[in-house]
>>> print(open('final18.cif').read())   # mmCIF, C-alpha atoms
data_start
loop_
_atom_site.label_atom_id
_atom_site.label_comp_id
_atom_site.auth_asym_id
_atom_site.auth_seq_id
_atom_site.Cartn_x
_atom_site.Cartn_y
_atom_site.Cartn_z
CA MET Q 247 18.28 24.70 -0.61
CA LYS Q 248 18.33 22.48 2.42
CA HIS Q 249 20.52 19.44 2.29
CA ALA Q 250 19.91 16.23 4.14
CA SER Q 251 22.74 15.36 6.44
CA THR Q 252 23.76 11.97 5.30
CA LEU Q 253 25.96 10.92 8.17
CA LEU Q 254 22.86 9.46 9.80
CA LEU Q 255 21.75 8.10 6.46
CA LEU Q 256 25.04 6.40 5.67
CA GLY Q 257 25.36 4.98 9.16
CA ALA Q 258 21.82 3.63 9.23
CA ILE Q 259 21.64 2.11 5.79
CA GLY Q 260 25.28 1.15 5.73
CA SER Q 261 24.86 -0.82 8.95
CA ALA Q 262 21.68 -2.44 7.70
CA ILE Q 263 23.42 -3.80 4.66
CA GLY Q 264 26.58 -4.75 6.49
CA ARG Q 265 29.05 -2.03 5.59
CA PRO Q 266 30.46 0.86 7.64
CA ALA Q 267 29.65 4.51 6.95
CA VAL Q 268 31.95 6.51 4.70
CA ALA Q 269 32.63 10.21 4.25
CA GLN Q 270 29.81 12.64 4.92
CA ALA Q 271 28.03 14.18 1.94
CA ASP Q 272 25.13 16.60 1.45
CA LEU Q 273 22.14 15.66 -0.67
CA ASN Q 274 19.74 18.02 -2.43
CA ASP Q 275 16.14 17.16 -3.37
CA LEU Q 276 17.08 15.58 -6.68
CA GLU Q 277 19.84 13.49 -5.12
CA MET Q 278 17.45 12.34 -2.39
CA ALA Q 279 14.99 11.33 -5.09
CA HIS Q 280 17.74 9.34 -6.79
CA VAL Q 281 18.62 7.58 -3.53
CA ALA Q 282 14.93 6.71 -3.05
CA VAL Q 283 14.68 5.19 -6.52
CA VAL Q 284 17.92 3.26 -6.07
CA ALA Q 285 16.80 1.98 -2.66
CA SER Q 286 13.56 0.73 -4.25
CA ASN Q 287 15.42 -0.92 -7.12
CA ILE Q 288 17.67 -2.68 -4.63
CA ASP Q 289 14.62 -4.12 -2.86
CA ILE Q 290 13.12 -5.19 -6.17
CA ARG Q 291 16.31 -7.13 -6.94
CA TYR Q 292 16.24 -8.77 -3.50
CA ALA Q 293 12.62 -9.78 -4.20
CA HIS Q 294 13.56 -11.40 -7.51
CA LEU Q 295 16.10 -13.50 -5.60
CA ALA Q 296 13.32 -14.61 -3.25
CA LEU Q 297 11.14 -15.63 -6.18
CA ALA Q 298 14.08 -17.59 -7.59
CA PHE Q 299 15.13 -19.34 -4.37
CA SER Q 300 12.24 -19.47 -1.89
CA GLU Q 301 9.51 -22.09 -1.83
CA ASN Q 302 7.77 -20.50 1.15
CA GLN Q 303 4.42 -19.15 -0.06
CA ALA Q 304 4.32 -16.26 2.42
CA VAL Q 305 7.87 -15.20 1.52
CA ARG Q 306 7.05 -15.36 -2.20
CA GLU Q 307 3.88 -13.29 -1.73
CA PHE Q 308 5.88 -10.71 0.22
CA ALA Q 309 8.46 -10.60 -2.57
CA GLU Q 310 5.71 -10.09 -5.17
CA THR Q 311 4.35 -7.20 -3.11
CA MET Q 312 7.83 -5.66 -2.91
CA ILE Q 313 8.18 -5.81 -6.69
CA ARG Q 314 4.67 -4.48 -7.26
CA ASP Q 315 4.87 -1.66 -4.71
CA HIS Q 316 8.42 -0.46 -5.29
CA SER Q 317 7.85 -0.46 -9.04
CA ALA Q 318 4.71 1.62 -8.54
CA VAL Q 319 6.53 4.08 -6.27
CA ASN Q 320 9.35 4.46 -8.78
CA ALA Q 321 6.80 5.10 -11.52
CA GLN Q 322 5.29 7.86 -9.38
CA VAL Q 323 8.73 9.41 -8.83
CA ALA Q 324 9.43 9.29 -12.56
CA ALA Q 325 6.05 10.90 -13.35
CA LEU Q 326 6.70 13.63 -10.80
CA ALA Q 327 10.17 14.31 -12.18
CA LYS Q 328 8.71 14.57 -15.68
CA ARG Q 329 5.99 16.95 -14.47
CA LEU Q 330 8.58 19.12 -12.70
CA ASN Q 331 10.92 18.85 -15.69
CA VAL Q 332 13.81 17.64 -13.55
CA THR Q 333 16.05 14.58 -13.44
CA ALA Q 334 16.98 12.69 -10.29
CA GLN Q 335 20.70 13.11 -9.74
CA ASP Q 336 23.10 10.26 -9.26
CA ASN Q 337 25.46 10.74 -6.36
CA PRO Q 338 28.18 8.89 -4.44
CA PHE Q 339 25.73 7.69 -1.83
CA SER Q 340 23.47 6.06 -4.42
CA GLN Q 341 26.52 4.41 -5.89
CA LYS Q 342 27.61 3.10 -2.51
CA LEU Q 343 24.14 1.69 -1.87
CA VAL Q 344 24.33 -0.19 -5.14
CA GLY Q 345 27.76 -1.59 -4.36
CA ASP Q 346 26.85 -2.67 -0.84
CA ALA Q 347 23.63 -4.28 -2.01
CA LYS Q 348 25.59 -6.41 -4.45
CA ALA Q 349 27.50 -7.90 -1.52
CA LYS Q 350 24.22 -8.73 0.20
CA ARG Q 351 22.83 -10.32 -2.96
CA ASP Q 352 26.00 -12.43 -3.27
CA GLU Q 353 25.46 -13.63 0.31
CA LEU Q 354 21.78 -14.47 -0.28
CA THR Q 355 22.57 -16.23 -3.55
CA ARG Q 356 24.65 -18.81 -1.68
CA LEU Q 357 21.72 -19.80 0.55
CA ARG Q 358 18.77 -22.11 -0.02
CA GLY Q 359 15.63 -23.32 1.74
CA ALA Q 360 14.79 -22.20 5.25
CA GLU Q 361 18.18 -20.49 5.66
CA PHE Q 362 17.56 -18.34 2.61
CA ASP Q 363 14.05 -17.48 3.83
CA ARG Q 364 15.33 -16.49 7.24
CA ARG Q 365 18.18 -14.30 5.93
CA TYR Q 366 15.98 -12.72 3.26
CA VAL Q 367 13.19 -11.64 5.62
CA GLU Q 368 15.67 -10.51 8.29
CA ASN Q 369 17.42 -8.38 5.69
CA GLU Q 370 14.10 -6.99 4.50
CA LEU Q 371 13.19 -5.93 8.02
CA ALA Q 372 16.58 -4.35 8.70
CA TYR Q 373 16.69 -2.68 5.30
CA HIS Q 374 13.20 -1.20 5.53
CA ARG Q 375 13.80 -0.06 9.10
CA ALA Q 376 16.99 1.72 8.07
CA VAL Q 377 15.58 3.30 4.93
CA ASN Q 378 12.38 4.38 6.66
CA GLY Q 379 14.36 6.02 9.42
CA VAL Q 380 16.44 7.96 6.94
CA VAL Q 381 13.44 9.03 4.88
CA ALA Q 382 11.54 10.15 7.96
CA ASP Q 383 14.39 11.80 9.86
CA ALA Q 384 16.87 12.98 7.23
CA PHE Q 385 14.97 13.39 3.94
CA ILE Q 386 11.44 14.61 4.57
CA PRO Q 387 12.35 17.40 7.01
CA ASN Q 388 14.84 18.76 4.47
CA ILE Q 389 12.87 18.55 1.23
CA GLU Q 390 11.86 21.99 0.03
CA ASN Q 391 9.61 21.22 -2.94
CA THR Q 392 6.06 20.59 -1.68
CA GLU Q 393 5.20 17.97 -4.29
CA VAL Q 394 8.40 16.06 -3.69
CA LYS Q 395 7.77 16.14 0.06
CA LYS Q 396 4.21 14.81 -0.41
CA ALA Q 397 5.55 12.04 -2.64
CA PHE Q 398 8.09 11.00 -0.02
CA GLU Q 399 5.44 11.07 2.72
CA ALA Q 400 3.13 8.86 0.66
CA ALA Q 401 5.98 6.46 -0.07
CA LEU Q 402 6.98 6.33 3.60
CA ALA Q 403 3.47 5.17 4.54
CA ILE Q 404 3.85 2.27 2.12
CA PHE Q 405 7.37 1.40 3.23
CA ARG Q 406 6.33 1.37 6.90
CA GLY Q 407 3.68 -1.17 5.89
CA HIS Q 408 6.46 -3.22 4.30
CA GLU Q 409 8.45 -3.01 7.53
CA ARG Q 410 5.45 -4.33 9.53
CA HIS Q 411 4.93 -7.09 6.98
CA ALA Q 412 8.60 -8.06 7.14
CA ALA Q 413 8.48 -8.12 10.96
CA GLN Q 414 5.54 -10.56 10.81
CA LEU Q 415 7.44 -12.76 8.38
CA VAL Q 416 10.55 -12.81 10.56
CA GLN Q 417 8.38 -14.22 13.37
CA SER Q 418 6.60 -16.78 11.19
CA VAL Q 419 9.75 -17.96 9.40
CA ALA Q 420 11.56 -18.28 12.73
CA SER Q 421 8.70 -20.34 14.18
CA ARG Q 422 8.67 -22.66 11.18
CA GLY Q 423 12.37 -23.27 11.57
CA ARG Q 424 12.00 -24.63 15.11
CA MET J 264 -71.02 14.66 -6.83
CA THR J 265 -71.51 16.22 -3.40
CA SER J 266 -68.56 17.90 -1.63
CA ARG J 267 -68.62 15.11 0.98
CA GLY J 268 -68.38 12.60 -1.82
CA MET J 269 -65.42 14.43 -3.37
CA ARG J 270 -63.67 14.59 0.02
CA ARG J 271 -64.11 10.84 0.40
CA GLN J 272 -62.68 10.31 -3.08
CA TRP J 273 -59.62 12.47 -2.33
CA ALA J 274 -59.13 10.71 0.98
CA ALA J 275 -59.15 7.37 -0.82
CA VAL J 276 -56.67 8.64 -3.42
CA LEU J 277 -54.34 9.99 -0.73
CA ALA J 278 -54.58 6.75 1.26
CA LEU J 279 -53.75 4.74 -1.84
CA ALA J 280 -50.79 7.02 -2.65
CA GLY J 281 -49.48 6.65 0.90
CA ALA J 282 -49.73 2.88 0.71
CA VAL J 283 -47.83 2.82 -2.56
CA ALA J 284 -45.13 5.13 -1.15
CA CYS J 285 -44.67 2.96 1.93
CA SER J 286 -44.35 -0.26 -0.04
CA ALA J 287 -41.90 1.08 -2.68
CA PRO J 288 -38.32 -0.19 -2.25
CA PRO J 289 -35.79 2.33 -0.84
CA GLU J 290 -33.70 4.09 -3.42
CA LYS J 291 -30.38 2.35 -4.07
CA ARG J 292 -27.36 4.35 -2.96
CA ARG J 293 -23.74 4.41 -3.99
CA HIS J 294 -20.96 4.38 -1.41
CA VAL J 295 -17.25 4.95 -1.86
CA VAL J 296 -14.40 3.40 0.10
CA THR J 297 -11.06 5.02 -0.64
CA MET J 298 -7.73 3.25 -0.40
CA ARG J 299 -4.82 5.42 0.69
CA ALA J 300 -1.72 4.93 2.87
CA LEU J 301 -2.53 1.19 3.16
CA GLN J 302 -5.93 1.90 4.72
CA PHE J 303 -9.57 1.58 3.70
CA ALA J 304 -11.58 4.70 4.51
CA PRO J 305 -14.02 4.42 6.06
CA PRO J 306 -12.84 1.18 7.69
CA GLU J 307 -16.45 0.23 8.45
CA LEU J 308 -19.41 1.03 6.24
CA GLU J 309 -23.11 0.34 6.78
CA VAL J 310 -25.24 -0.02 3.65
CA GLN J 311 -28.67 -1.21 2.59
CA ARG J 312 -29.23 -4.35 0.49
CA GLY J 313 -28.64 -3.60 -3.16
CA ASP J 314 -26.51 -0.50 -2.54
CA THR J 315 -23.36 -0.25 -4.63
CA ILE J 316 -19.98 -0.03 -2.93
CA THR J 317 -17.06 1.30 -4.94
CA TRP J 318 -13.47 0.87 -3.77
CA ARG J 319 -11.40 3.66 -5.28
CA ASN J 320 -7.60 3.38 -5.25
CA ASP J 321 -6.24 6.81 -4.32
CA ASP J 322 -2.99 5.28 -3.11
CA ILE J 323 0.34 5.11 -4.92
CA VAL J 324 0.43 1.29 -5.06
CA PRO J 325 -2.04 -1.37 -6.26
CA HIS J 326 -4.52 -2.98 -3.85
CA THR J 327 -7.32 -5.51 -3.77
CA SER J 328 -10.62 -5.86 -1.92
CA ALA J 329 -11.45 -9.47 -1.09
CA SER J 330 -14.14 -10.59 1.34
CA ARG J 331 -13.12 -13.35 3.72
CA GLU J 332 -16.27 -15.33 2.81
CA SER J 333 -15.39 -15.08 -0.90
CA THR J 334 -18.51 -12.99 -1.52
CA TRP J 335 -16.45 -10.69 -3.73
CA ASN J 336 -12.86 -10.43 -4.92
CA SER J 337 -11.77 -7.42 -6.88
CA GLY J 338 -8.50 -8.79 -8.17
CA ASN J 339 -5.83 -6.15 -8.76
CA ILE J 340 -7.08 -2.58 -8.42
CA ALA J 341 -4.46 -0.43 -10.11
CA VAL J 342 -3.58 3.08 -8.94
CA ASP J 343 -6.37 5.53 -9.91
CA SER J 344 -8.73 2.62 -10.71
CA SER J 345 -11.79 1.34 -8.90
CA PHE J 346 -13.93 -1.74 -8.31
CA SER J 347 -17.66 -1.88 -7.54
CA VAL J 348 -20.05 -4.46 -6.15
CA ALA J 349 -23.71 -4.45 -5.08
CA LEU J 350 -24.38 -6.64 -2.05
CA GLN J 351 -27.82 -8.27 -1.92
CA ARG J 352 -27.49 -10.41 1.21
CA PRO J 353 -27.70 -8.85 4.69
CA GLY J 354 -24.84 -9.52 7.05
CA THR J 355 -21.42 -8.38 8.17
CA PHE J 356 -18.62 -8.84 5.65
CA GLU J 357 -15.01 -8.58 6.73
CA TYR J 358 -12.57 -7.96 3.90
CA ASP J 359 -8.86 -7.45 3.26
CA CYS J 360 -6.34 -6.23 0.76
CA SER J 361 -4.65 -9.44 -0.40
CA TYR J 362 -1.34 -7.64 -0.89
CA HIS J 363 -1.00 -5.82 2.43
CA PRO J 364 -1.53 -7.63 5.77
CA GLY J 365 -3.37 -5.47 8.25
CA MET J 366 -5.27 -3.52 5.59
CA THR J 367 -8.80 -4.56 6.56
CA GLY J 368 -12.35 -3.30 6.38
CA ARG J 369 -15.93 -4.23 7.20
CA ILE J 370 -19.20 -3.82 5.32
CA VAL J 371 -22.47 -4.18 7.24
CA VAL J 372 -25.45 -4.83 4.98
CA ARG J 373 -28.88 -4.16 6.49
#
>>> encode(input="final18.cif", output="structure tokens")
Amino acid sequence: MKHASTLLLLGAIGSAIGRPAVAQADLNDLEMAHVAVVASNIDIRYAHLALAFSENQAVREFAETMIRDHSAVNAQVAALAKRLNVTAQDNPFSQKLVGDAKAKRDELTRLRGAEFDRRYVENELAYHRAVNGVVADAFIPNIENTEVKKAFEAALAIFRGHERHAAQLVQSVASRGR
Amino acid sequence: MTSRGMRRQWAAVLALAGAVACSAPPEKRRHVVTMRALQFAPPELEVQRGDTITWRNDDIVPHTSASRESTWNSGNIAVDSSFSVALQRPGTFEYDCSYHPGMTGRIVVR
């Protein structure tokens, strides 16, 4: 079974959420699936913060799309796991993602108004960029199960759309702040 | 009746049948636009007045189909669900997915 080298993964995502990389680990298909679900759940939690703190309509609509889309992707992963009779495996990298995301949520929770909007959309862009890079470069090439690979490819198309959407919002929020 | 008379009768019947065929409205058709990977396929579709267009969500996330002139609005189209509309007015109709910027399409009604 191929394993995704996670040095790239840890460096990319770790930097995006403000923490340095830690020890290298290998991930199998089920661990990669777990990381994908955790990464989606992290973004869903960020989106709930936006709905709680932002009054910017475009930011709120983006957050609603994040909740809607990442929930749908996680449902697809769960359905696939059930069909394959497997369980996504927790792993130290998933746990680190969760811990690091908490620090980011604590930072966002202290902000309000335009400053919150700016930091939220900037984080969304950086986060999606990092995760998409890992999925494209470290996960997909190393997934052996055909159905799992197709699921990741379909999810990547969605997440790249999120990245484009976040990039547009960074521009529009920045222009409103001037 | 003479054979010439019968030929004239058949000619009249055939002419009448041709006139009816020409004036009958074209058969209504059904068209499908699929939604996958944040795209409408085909992105542009030409239809005749009264044809039915069905947007089918083959993607892994929900979408919508909403015309910019408010001619139609599907609301949420869940994964594996669809939405249909028959357009009666000729024109060019640009539309979008309300959830995903950049996911756009065009219907041309003749």
>>> closest_atom_pairs(input="final18.cif", of="chain J", to="chain Q", cutoff="8 Å", atoms="all atoms listed in the file", output="JSON lines")
{"residue": "J:Ala300", "atom": "CA", "partner": "Q:Ala403", "partner_atom": "CA", "distance": 5.5}
{"residue": "J:Leu301", "atom": "CA", "partner": "Q:Ile404", "partner_atom": "CA", "distance": 6.6}
{"residue": "J:Ile323", "atom": "CA", "partner": "Q:Val319", "partner_atom": "CA", "distance": 6.4}
{"residue": "J:Val324", "atom": "CA", "partner": "Q:Asp315", "partner_atom": "CA", "distance": 5.3}
{"residue": "J:Pro325", "atom": "CA", "partner": "Q:Asp315", "partner_atom": "CA", "distance": 7.1}
{"residue": "J:Tyr362", "atom": "CA", "partner": "Q:Thr311", "partner_atom": "CA", "distance": 6.1}
{"residue": "J:His363", "atom": "CA", "partner": "Q:Gly407", "partner_atom": "CA", "distance": 7.4}
{"residue": "J:Pro364", "atom": "CA", "partner": "Q:His411", "partner_atom": "CA", "distance": 6.6}
>>> atom_distance(input="final18.cif", atom1="atom CA of Asp322 of chain J", atom2="atom CA of Ala325 of chain Q")
14.8 Å
>>> closest_residue(input="final18.cif", among="Q:Ile313, Q:Ile386, Q:Ala334, Q:Ala360", to="Glu277 of chain Q", atoms="all atoms listed in the file")
Q:Ala334
>>> atom_distance(input="final18.cif", atom1="atom CA of Leu371 of chain Q", atom2="atom CA of Phe385 of chain Q")
19.8 Å
>>> resolve_selection(input="final18.cif", expression="the PyMOL selection byres ((chain J and resi 348-357) around 6)", output="PyMOL selection string")
chain J and resi 312-316+330-331+347+358+368-373
>>> resolve_selection(input="final18.cif", expression="the PyMOL selection byres ((chain J and resi 303) around 12)", output="count of residues only")
33
>>> closest_residue(input="final18.cif", among="Q:Leu330, Q:Ile288, Q:Ala282, Q:Ala347", to="Val380 of chain Q", atoms="only C-alpha atoms")
Q:Ala282
>>> atom_distance(input="final18.cif", atom1="atom CA of Arg291 of chain Q", atom2="atom CA of Arg351 of chain Q")
8.3 Å
>>> resolve_selection(input="final18.cif", expression="the PyMOL selection byres ((chain Q and resi 375) around 9)", output="ChimeraX atom specification")
/Q:258-259,262,370-374,376-380,405-406,409
